[in-house]
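With compact mmCIF, C-alpha atoms and all ligand atoms inside, this is entry19.txt:
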```txt
# COMPACT_ATOMS: atom_id res chain seq x y z
CA MET A 216 0.00 0.00 0.00
CA ALA A 217 1.25 3.53 -0.82
CA GLY A 218 2.56 5.49 2.20
CA VAL A 219 1.01 8.77 3.40
CA GLY A 220 4.16 10.70 2.34
CA TYR A 221 3.85 9.36 -1.19
CA ILE A 222 0.17 10.31 -1.42
CA ILE A 223 0.87 13.84 -0.13
CA ARG A 224 3.67 14.28 -2.70
CA CYS A 225 1.38 13.10 -5.52
CA LYS A 226 -1.41 15.46 -4.45
CA ALA A 227 1.01 18.38 -4.12
CA GLY A 228 2.43 17.60 -7.58
CA LEU A 229 -1.08 17.52 -9.04
CA ALA A 230 -2.00 20.82 -7.37
CA ILE A 231 1.15 22.51 -8.74
CA ARG A 232 0.40 21.21 -12.23
CA ARG A 233 -3.16 22.54 -12.01
CA ILE A 234 -1.94 25.99 -10.93
CA THR A 235 0.69 26.08 -13.71
CA HIS A 236 -1.92 25.03 -16.24
CA SER A 237 -4.34 27.69 -15.10
CA LEU A 238 -1.63 30.41 -15.17
CA GLU A 239 -0.71 29.28 -18.67
CA LYS A 240 -4.35 29.56 -19.76
CA GLN A 241 -4.55 33.07 -18.31
CA LYS A 242 -1.41 34.10 -20.21
CA ILE A 243 -2.78 32.73 -23.48
CA LEU A 244 -6.00 34.67 -22.96
CA ALA A 245 -4.22 37.90 -22.01
CA ASP A 246 -1.76 37.64 -24.92
CA THR A 247 -4.54 36.90 -27.39
CA GLN A 248 -6.52 39.91 -26.18
CA PHE A 249 -3.44 42.14 -26.29
CA LEU A 250 -2.60 41.14 -29.87
CA LYS A 251 -6.20 41.55 -31.00
CA LYS A 252 -6.24 45.03 -29.53
CA LYS A 253 -2.95 45.94 -31.18
CA PHE A 254 -4.01 44.43 -34.51
CA PRO A 255 -7.82 44.65 -34.81
CA GLN A 256 -7.62 42.53 -37.99
CA LEU A 257 -6.93 39.54 -35.71
CA GLU A 258 -10.33 39.94 -34.03
CA ASP A 259 -12.07 37.94 -36.76
CA TYR A 260 -9.08 35.69 -37.35
CA LYS A 261 -10.83 33.25 -39.68
CA THR A 262 -11.91 36.00 -42.04
CA PHE A 263 -8.53 37.74 -41.87
CA THR A 264 -6.60 34.56 -42.74
CA GLN A 265 -9.01 33.32 -45.43
CA GLN A 266 -7.03 35.08 -48.19
CA TYR A 267 -3.87 33.18 -47.14
CA ARG A 268 -5.76 29.89 -46.84
CA ASP A 269 -7.01 30.39 -50.41
CA ARG A 270 -3.55 31.32 -51.65
CA TYR A 271 -1.41 28.67 -49.95
CA LEU A 272 -3.46 25.60 -48.98
CA LYS A 273 -2.99 23.69 -52.26
CA ASP A 274 0.75 24.50 -52.31
CA TYR A 275 1.07 23.42 -48.69
CA GLU A 276 -0.73 20.12 -49.28
CA TYR A 277 1.55 19.42 -52.24
CA TYR A 278 4.60 20.39 -50.18
CA VAL A 279 3.93 18.07 -47.25
CA GLU A 280 3.00 15.25 -49.60
CA ASN A 281 5.86 15.52 -52.11
CA VAL A 282 8.72 17.63 -50.77
CA SER A 283 8.76 17.35 -46.98
CA CYS A 284 6.29 15.75 -44.56
CA ALA A 285 3.69 17.02 -42.10
CA GLY A 286 5.90 16.42 -39.05
CA HIS A 287 8.88 18.38 -40.41
CA ALA A 288 7.21 21.18 -42.34
CA VAL A 289 6.00 24.25 -40.49
CA SER A 290 2.30 23.86 -39.63
CA PHE A 291 -0.33 25.45 -41.87
CA GLU A 292 -1.65 27.34 -38.82
CA GLN A 293 1.83 28.85 -38.38
CA VAL A 294 1.93 29.71 -42.08
CA LEU A 295 -1.36 31.62 -41.82
CA PHE A 296 -0.22 33.54 -38.75
CA MET A 297 3.22 34.48 -40.13
CA ARG A 298 1.93 35.50 -43.52
CA GLY A 299 -0.80 37.60 -41.90
CA LEU A 300 1.75 39.14 -39.55
CA CYS A 301 3.90 40.15 -42.54
CA ASP A 302 0.97 42.12 -43.96
CA LEU A 303 0.31 43.69 -40.56
CA ILE A 304 3.84 44.80 -39.62
CA LYS A 305 5.42 44.91 -43.12
CA PRO A 306 8.92 43.78 -42.13
CA LYS A 307 11.69 44.92 -44.49
CA ARG A 308 14.23 42.37 -43.31
CA VAL A 309 13.09 38.81 -42.62
CA LEU A 310 15.25 35.99 -41.29
CA ASP A 311 13.86 32.52 -41.96
CA LEU A 312 15.81 30.07 -39.81
CA GLY A 313 14.99 26.51 -40.82
CA SER A 314 14.29 26.59 -44.55
CA GLY A 315 11.29 25.00 -46.19
CA PHE A 316 7.71 26.09 -46.83
CA SER A 317 8.38 29.14 -44.63
CA SER A 318 11.01 30.22 -47.20
CA TYR A 319 8.34 30.14 -49.89
CA ILE A 320 5.75 32.19 -48.03
CA PHE A 321 8.25 34.83 -46.84
CA ARG A 322 9.57 35.19 -50.37
CA ASP A 323 6.05 35.40 -51.74
CA TYR A 324 5.44 38.23 -49.24
CA ALA A 325 8.70 39.92 -50.36
CA ALA A 326 7.58 39.74 -53.99
CA SER A 327 4.43 41.68 -53.04
CA GLY A 328 6.37 44.75 -51.88
CA LYS A 329 9.49 46.82 -52.49
CA ASP A 330 12.94 46.55 -50.90
CA ILE A 331 12.04 43.54 -48.76
CA VAL A 332 14.96 41.22 -48.07
CA VAL A 333 14.57 37.58 -46.97
CA TRP A 334 17.40 35.34 -45.81
CA SER A 335 16.65 31.63 -45.48
CA ILE A 336 19.15 29.65 -43.47
CA ASP A 337 19.60 26.00 -42.55
CA ASN A 338 22.15 23.94 -40.67
CA ASP A 339 21.71 21.07 -43.13
CA SER A 340 23.23 21.64 -46.57
CA ALA A 341 21.25 18.83 -48.25
CA TRP A 342 17.99 20.31 -46.93
CA LEU A 343 19.01 23.78 -48.05
CA GLN A 344 19.52 22.43 -51.57
CA LYS A 345 16.07 20.84 -51.42
CA THR A 346 14.59 24.21 -50.47
CA LYS A 347 16.46 25.86 -53.36
CA ASP A 348 15.02 23.29 -55.80
CA TYR A 349 11.52 23.88 -54.43
CA LEU A 350 11.79 27.69 -54.69
CA GLU A 351 13.02 27.36 -58.27
CA GLU A 352 10.14 25.02 -59.05
CA LYS A 353 7.80 27.71 -57.66
CA ASN A 354 9.59 30.30 -59.80
CA ILE A 355 10.33 32.52 -56.84
CA SER A 356 13.61 34.10 -55.70
CA SER A 357 16.15 31.65 -54.32
CA ASP A 358 18.70 34.34 -53.31
CA ASN A 359 20.15 34.47 -49.82
CA LEU A 360 19.94 30.76 -49.06
CA VAL A 361 22.88 30.16 -46.75
CA LEU A 362 24.23 27.55 -44.38
CA TRP A 363 24.00 28.67 -40.72
CA GLN A 364 27.72 28.04 -40.17
CA ASP A 365 28.51 30.52 -42.98
CA PHE A 366 25.76 32.98 -42.13
CA ILE A 367 27.07 33.60 -38.60
CA LYS A 368 30.56 34.36 -39.92
CA GLY A 369 29.36 37.56 -41.62
CA LYS A 370 28.26 40.78 -39.95
CA ARG A 371 24.56 41.31 -40.74
CA GLU A 372 22.15 44.15 -40.29
CA PRO A 373 19.49 43.24 -37.70
CA PHE A 374 16.09 41.86 -38.72
CA ASP A 375 12.49 43.05 -38.21
CA LEU A 376 11.05 39.54 -38.17
CA ILE A 377 12.74 36.22 -37.41
CA LEU A 378 11.37 32.68 -37.47
CA HIS A 379 13.51 30.30 -35.39
CA ASP A 380 12.57 26.82 -36.62
CA MET A 381 15.98 25.39 -37.47
CA GLY A 382 17.44 21.98 -36.69
CA ASP A 383 16.49 19.86 -33.68
CA MET A 384 15.42 21.24 -30.30
CA ALA A 385 18.89 21.03 -28.74
CA PHE A 386 20.29 23.04 -31.65
CA ARG A 387 17.53 25.66 -31.39
CA GLN A 388 18.24 26.05 -27.69
CA SER A 389 22.00 26.31 -28.15
CA GLU A 390 21.66 28.98 -30.87
CA LEU A 391 18.85 30.94 -29.20
CA ASN A 392 20.84 33.83 -27.74
CA GLN A 393 22.58 34.40 -31.02
CA VAL A 394 19.21 34.39 -32.81
CA LEU A 395 17.63 36.86 -30.36
CA ASN A 396 20.60 39.17 -30.86
CA MET A 397 19.91 39.25 -34.59
CA ALA A 398 16.56 41.01 -34.08
CA LYS A 399 16.24 44.78 -34.32
CA PRO A 400 15.12 46.65 -31.19
CA GLY A 401 11.33 46.40 -31.42
CA GLY A 402 11.65 43.37 -33.73
CA LEU A 403 9.73 40.11 -33.42
CA VAL A 404 11.11 36.58 -33.10
CA ILE A 405 8.80 33.58 -33.55
CA LEU A 406 9.89 30.43 -31.76
CA ASP A 407 8.11 27.40 -33.11
CA ASP A 408 7.49 23.99 -31.51
CA VAL A 409 7.26 25.24 -27.94
CA HIS A 410 4.91 22.32 -27.19
CA LYS A 411 8.12 20.32 -26.68
CA ARG A 412 8.24 20.26 -22.89
CA ILE A 413 11.96 20.79 -22.24
CA TYR A 414 12.26 23.55 -24.84
CA GLY A 415 9.07 25.31 -23.73
CA ARG A 416 10.11 25.23 -20.09
CA TYR A 417 13.62 26.43 -20.95
CA LEU A 418 12.21 29.39 -22.89
CA LYS A 419 9.82 30.43 -20.12
CA GLN A 420 12.59 30.33 -17.52
CA LEU A 421 14.94 32.31 -19.75
CA PHE A 422 12.30 34.97 -20.51
CA LYS A 423 11.50 35.35 -16.83
CA ARG A 424 15.15 35.53 -15.78
CA SER A 425 16.11 37.97 -18.53
CA ASN A 426 12.92 40.03 -18.44
CA ILE A 427 12.16 39.23 -22.08
CA ARG A 428 8.66 40.07 -23.27
CA TYR A 429 6.91 37.30 -25.16
CA TYR A 430 3.45 36.29 -26.31
CA ASN A 431 2.00 32.81 -26.26
CA LEU A 432 0.50 32.27 -29.75
CA HIS A 433 -1.44 29.13 -28.81
CA SER A 434 -4.78 30.71 -29.85
CA PHE A 435 -3.49 31.38 -33.36
CA THR A 436 -0.98 28.64 -34.12
CA TYR A 437 -2.12 25.47 -32.28
CA ASP A 438 -2.28 22.67 -34.87
CA PRO A 439 -3.53 19.05 -35.06
CA LEU A 440 -0.05 17.83 -34.02
CA CYS A 441 -0.35 19.98 -30.83
CA ARG A 442 2.39 22.35 -32.02
CA TYR A 443 2.29 26.06 -31.32
CA SER A 444 4.68 28.98 -30.94
CA PHE A 445 5.84 31.89 -28.81
CA MET A 446 6.69 35.36 -30.13
CA VAL A 447 9.38 37.48 -28.50
CA HIS A 448 9.11 41.25 -28.72
CA LYS A 449 12.62 42.64 -28.46
CA LYS A 450 12.97 45.73 -26.28
CA LYS A 451 13.35 49.06 -28.12
C1 LIG B 501 10.85 22.08 -38.45
S1 LIG B 501 11.98 21.89 -39.74
C2 LIG B 501 11.91 23.46 -40.52
C3 LIG B 501 10.65 23.63 -41.31
C4 LIG B 501 10.63 24.83 -42.22
N1 LIG B 501 10.67 26.08 -41.50
C5 LIG B 501 9.38 24.81 -43.07
O1 LIG B 501 8.70 25.83 -43.14
O2 LIG B 501 9.10 23.78 -43.71
C6 LIG B 501 13.50 21.92 -38.83
C7 LIG B 501 14.71 21.36 -39.57
O3 LIG B 501 14.45 20.07 -40.05
C8 LIG B 501 15.13 19.85 -41.27
N2 LIG B 501 14.09 19.36 -42.19
C9 LIG B 501 13.07 20.03 -42.68
N3 LIG B 501 12.26 19.21 -43.38
C10 LIG B 501 12.81 18.00 -43.33
C11 LIG B 501 12.44 16.72 -43.84
N4 LIG B 501 11.33 16.56 -44.58
N5 LIG B 501 13.22 15.68 -43.56
C12 LIG B 501 14.33 15.82 -42.82
N6 LIG B 501 14.74 17.01 -42.30
C13 LIG B 501 13.98 18.08 -42.55
C14 LIG B 501 15.78 21.15 -41.69
O4 LIG B 501 17.19 21.04 -41.50
C15 LIG B 501 15.17 22.17 -40.76
O5 LIG B 501 16.09 23.13 -40.34
```
Show me, as structure tokens, the structure contained in the file I just sent.
Amino acid sequence: MAGVGYIIRCKAGLAIRRITHSLEKQKILADTQFLKKKFPQLEDYKTFTQQYRDRYLKDYEYYVENVSCAGHAVSFEQVLFMRGLCDLIKPKRVLDLGSGFSSYIFRDYAASGKDIVVWSIDNDSAWLQKTKDYLEEKNISSDNLVLWQDFIKGKREPFDLILHDMGDMAFRQSELNQVLNMAKPGGLVILDDVHKRIYGRYLKQLFKRSNIRYYNLHSFTYDPLCRYSFMVHKKK
């Protein structure tokens, strides 16, 4: 039979998990409300993102079926949010870390405006080549496709918008500080796959310790594989 000490520890653990869960829910709600207030277009999110759904869904379905796979490619929910965000904040310099379908949608956004620069980076040269082939197949710019190891050697101007979705979770964590430093003051950094427990917990602790402002994008980016993202707002 389980001892009293064991039962108390289990109950305490359960209570802590419930409190954490409820605080998390409150943050999601507060962040969603904040973003909807800042960008009223997000209020009716389904209507706002319909134009992107119409534009990219067929391409996305083809991509996950024939080029990558659903587990590796960025989620379609993330695609809709990022592409909408581009139209809302109109970033001039975009850094796409972890090439793939994201490279296509950022470059499609760049083609819709003037003087918009997109860099797509990967830590896997074979995958980078695959992205290049895909972009060429789509007849869209394949400039500025660079290996991470080479990209960090050069001095770069900071970026307005960064997606950090490159390599495995250990790699993302190890490169995180460097990535955050690449954002402009006031810039935004999207960190995907924060549903991964260790990574998500690491990020929350880091943000708290370093007083980094971030939004939980669960309401916008949660997908059928339970993935979602955070968005850091770099101090001005
Ligand atoms: C989550 S993926 C990046 C997805 C990318 N941002 C996109 O929009 O499709 C993370 C890393 O996995 C690798 N990768 C992407 N797709 C892959 C695949 N189908 N098979 C193996 N590795 C892949 C790349 O090196 C990439 O940096």
(message) Distance limit 9 Å, reference ligand LIG 501 (chain B), atoms considered: only C-alpha atoms and all ligand atoms. Which residues make the cut? Give them as a count of residues only.
(response) 41
(message) For a quick check of understanding, using all atoms listed in the file, which of A:Tyr430, A:Arg416, A:Lys449, A:Lys370 has the smallest distance to Ile243 in chain A?
(response)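 Nearest to Ile243 in chain A: A:Tyr430.
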(request) Would you work out the distance separating CA of Arg322 in chain A from CA of Asp365 in chain A, expressed in Å to one decimal? (result) 20.9 Å
(message) Calculated over all atoms listed in the file, which of the candidates A:Asn431, A:Ser237, A:Gln266, A:Ser425 has the smallest distance to Met446 in chain A?
(response) A:Asn431
(request) State, in Å with one decimal place, the distance from CA of Thr262 in chain A to CA of Ser444 in chain A. (result)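 These two atoms are separated by 21.2 Å.
Among A:Ile231, A:Asn392, A:Lys368, A:Phe445, the residue with the shortest atom-to-atom distance to His433 in chain A, counting all atoms listed in the file, is A:Phe445.
Relative to CA of Gln241 in chain A, CA of Lys226 in chain A is found at 22.6 Å.
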(request) May I ask which of the residues A:Leu395, A:Leu406, A:Leu295, A:Ile377 is the closest one to Thr436 in chain A, counting only C-alpha atoms? (result)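 Among A:Leu395, A:Leu406, A:Leu295, A:Ile377, it is A:Leu295 that comes nearest to Thr436 in chain A.
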Find the spatial neighbours of Phe291 in chain A, counting all atoms listed in the file, within a cut-off of 12 Å - ignore same-chain residues fewer than 5 positions away - and output them as an mmCIF file with C-alpha atoms, in the frame of the given file.
```cif
data_model
loop_
_atom_site.group_PDB
_atom_site.id
_atom_site.type_symbol
_atom_site.label_atom_id
_atom_site.label_comp_id
_atom_site.auth_asym_id
_atom_site.auth_seq_id
_atom_site.Cartn_x
_atom_site.Cartn_y
_atom_site.Cartn_z
ATOM 1 C CA THR A 264 -6.600 34.560 -42.740
ATOM 2 C CA TYR A 267 -3.870 33.180 -47.140
ATOM 3 C CA ARG A 268 -5.760 29.890 -46.840
ATOM 4 C CA ASP A 269 -7.010 30.390 -50.410
ATOM 5 C CA ARG A 270 -3.550 31.320 -51.650
ATOM 6 C CA TYR A 271 -1.410 28.670 -49.950
ATOM 7 C CA LEU A 272 -3.460 25.600 -48.980
ATOM 8 C CA LYS A 273 -2.990 23.690 -52.260
ATOM 9 C CA ASP A 274 0.750 24.500 -52.310
ATOM 10 C CA TYR A 275 1.070 23.420 -48.690
ATOM 11 C CA GLU A 276 -0.730 20.120 -49.280
ATOM 12 C CA TYR A 278 4.600 20.390 -50.180
ATOM 13 C CA VAL A 279 3.930 18.070 -47.250
ATOM 14 C CA ALA A 285 3.690 17.020 -42.100
ATOM 15 C CA GLY A 286 5.900 16.420 -39.050
ATOM 16 C CA PHE A 296 -0.220 33.540 -38.750
ATOM 17 C CA MET A 297 3.220 34.480 -40.130
ATOM 18 C CA ARG A 298 1.930 35.500 -43.520
ATOM 19 C CA PHE A 316 7.710 26.090 -46.830
ATOM 20 C CA SER A 317 8.380 29.140 -44.630
ATOM 21 C CA ILE A 320 5.750 32.190 -48.030
ATOM 22 C CA PHE A 435 -3.490 31.380 -33.360
ATOM 23 C CA THR A 436 -0.980 28.640 -34.120
ATOM 24 C CA TYR A 437 -2.120 25.470 -32.280
ATOM 25 C CA ASP A 438 -2.280 22.670 -34.870
ATOM 26 C CA PRO A 439 -3.530 19.050 -35.060
ATOM 27 C CA LEU A 440 -0.050 17.830 -34.020
ATOM 28 C CA ARG A 442 2.390 22.350 -32.020
ATOM 29 C CA TYR A 443 2.290 26.060 -31.320
#
```
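Proximity ranking of A:Asp246, A:Glu390, A:Asp358, A:Glu292 relative to Val447 in chain A places A:Asp246 first, based on all atoms listed in the file.
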(request) Select, from A:Pro306, A:His448, A:Leu362, A:Leu421, the residue with the minimum atom-to-atom distance to Leu376 in chain A, counting all atoms listed in the file. (result)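 Smallest separation from Leu376 in chain A among the options: A:Pro306.
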Once you add 8 Å to each side, what are the centre and edge lengths of the axis-aligned box holding all listed atoms of range 241-253 of chain A? One decimal in Å, as AutoDock Vina command-line options, if you can.
```
--center_x -4.0 --center_y 39.3 --center_z -24.7 --size_x 21.1 --size_y 29.2 --size_z 28.9
```
(request) Excluding Arg308 in chain A and any residue of its chain fewer than 6 positions from it, enumerate the residues within 7 Å of it, using all atoms listed in the file, and give them as a ChimeraX atom specification. (result) /A:331-333,374-376
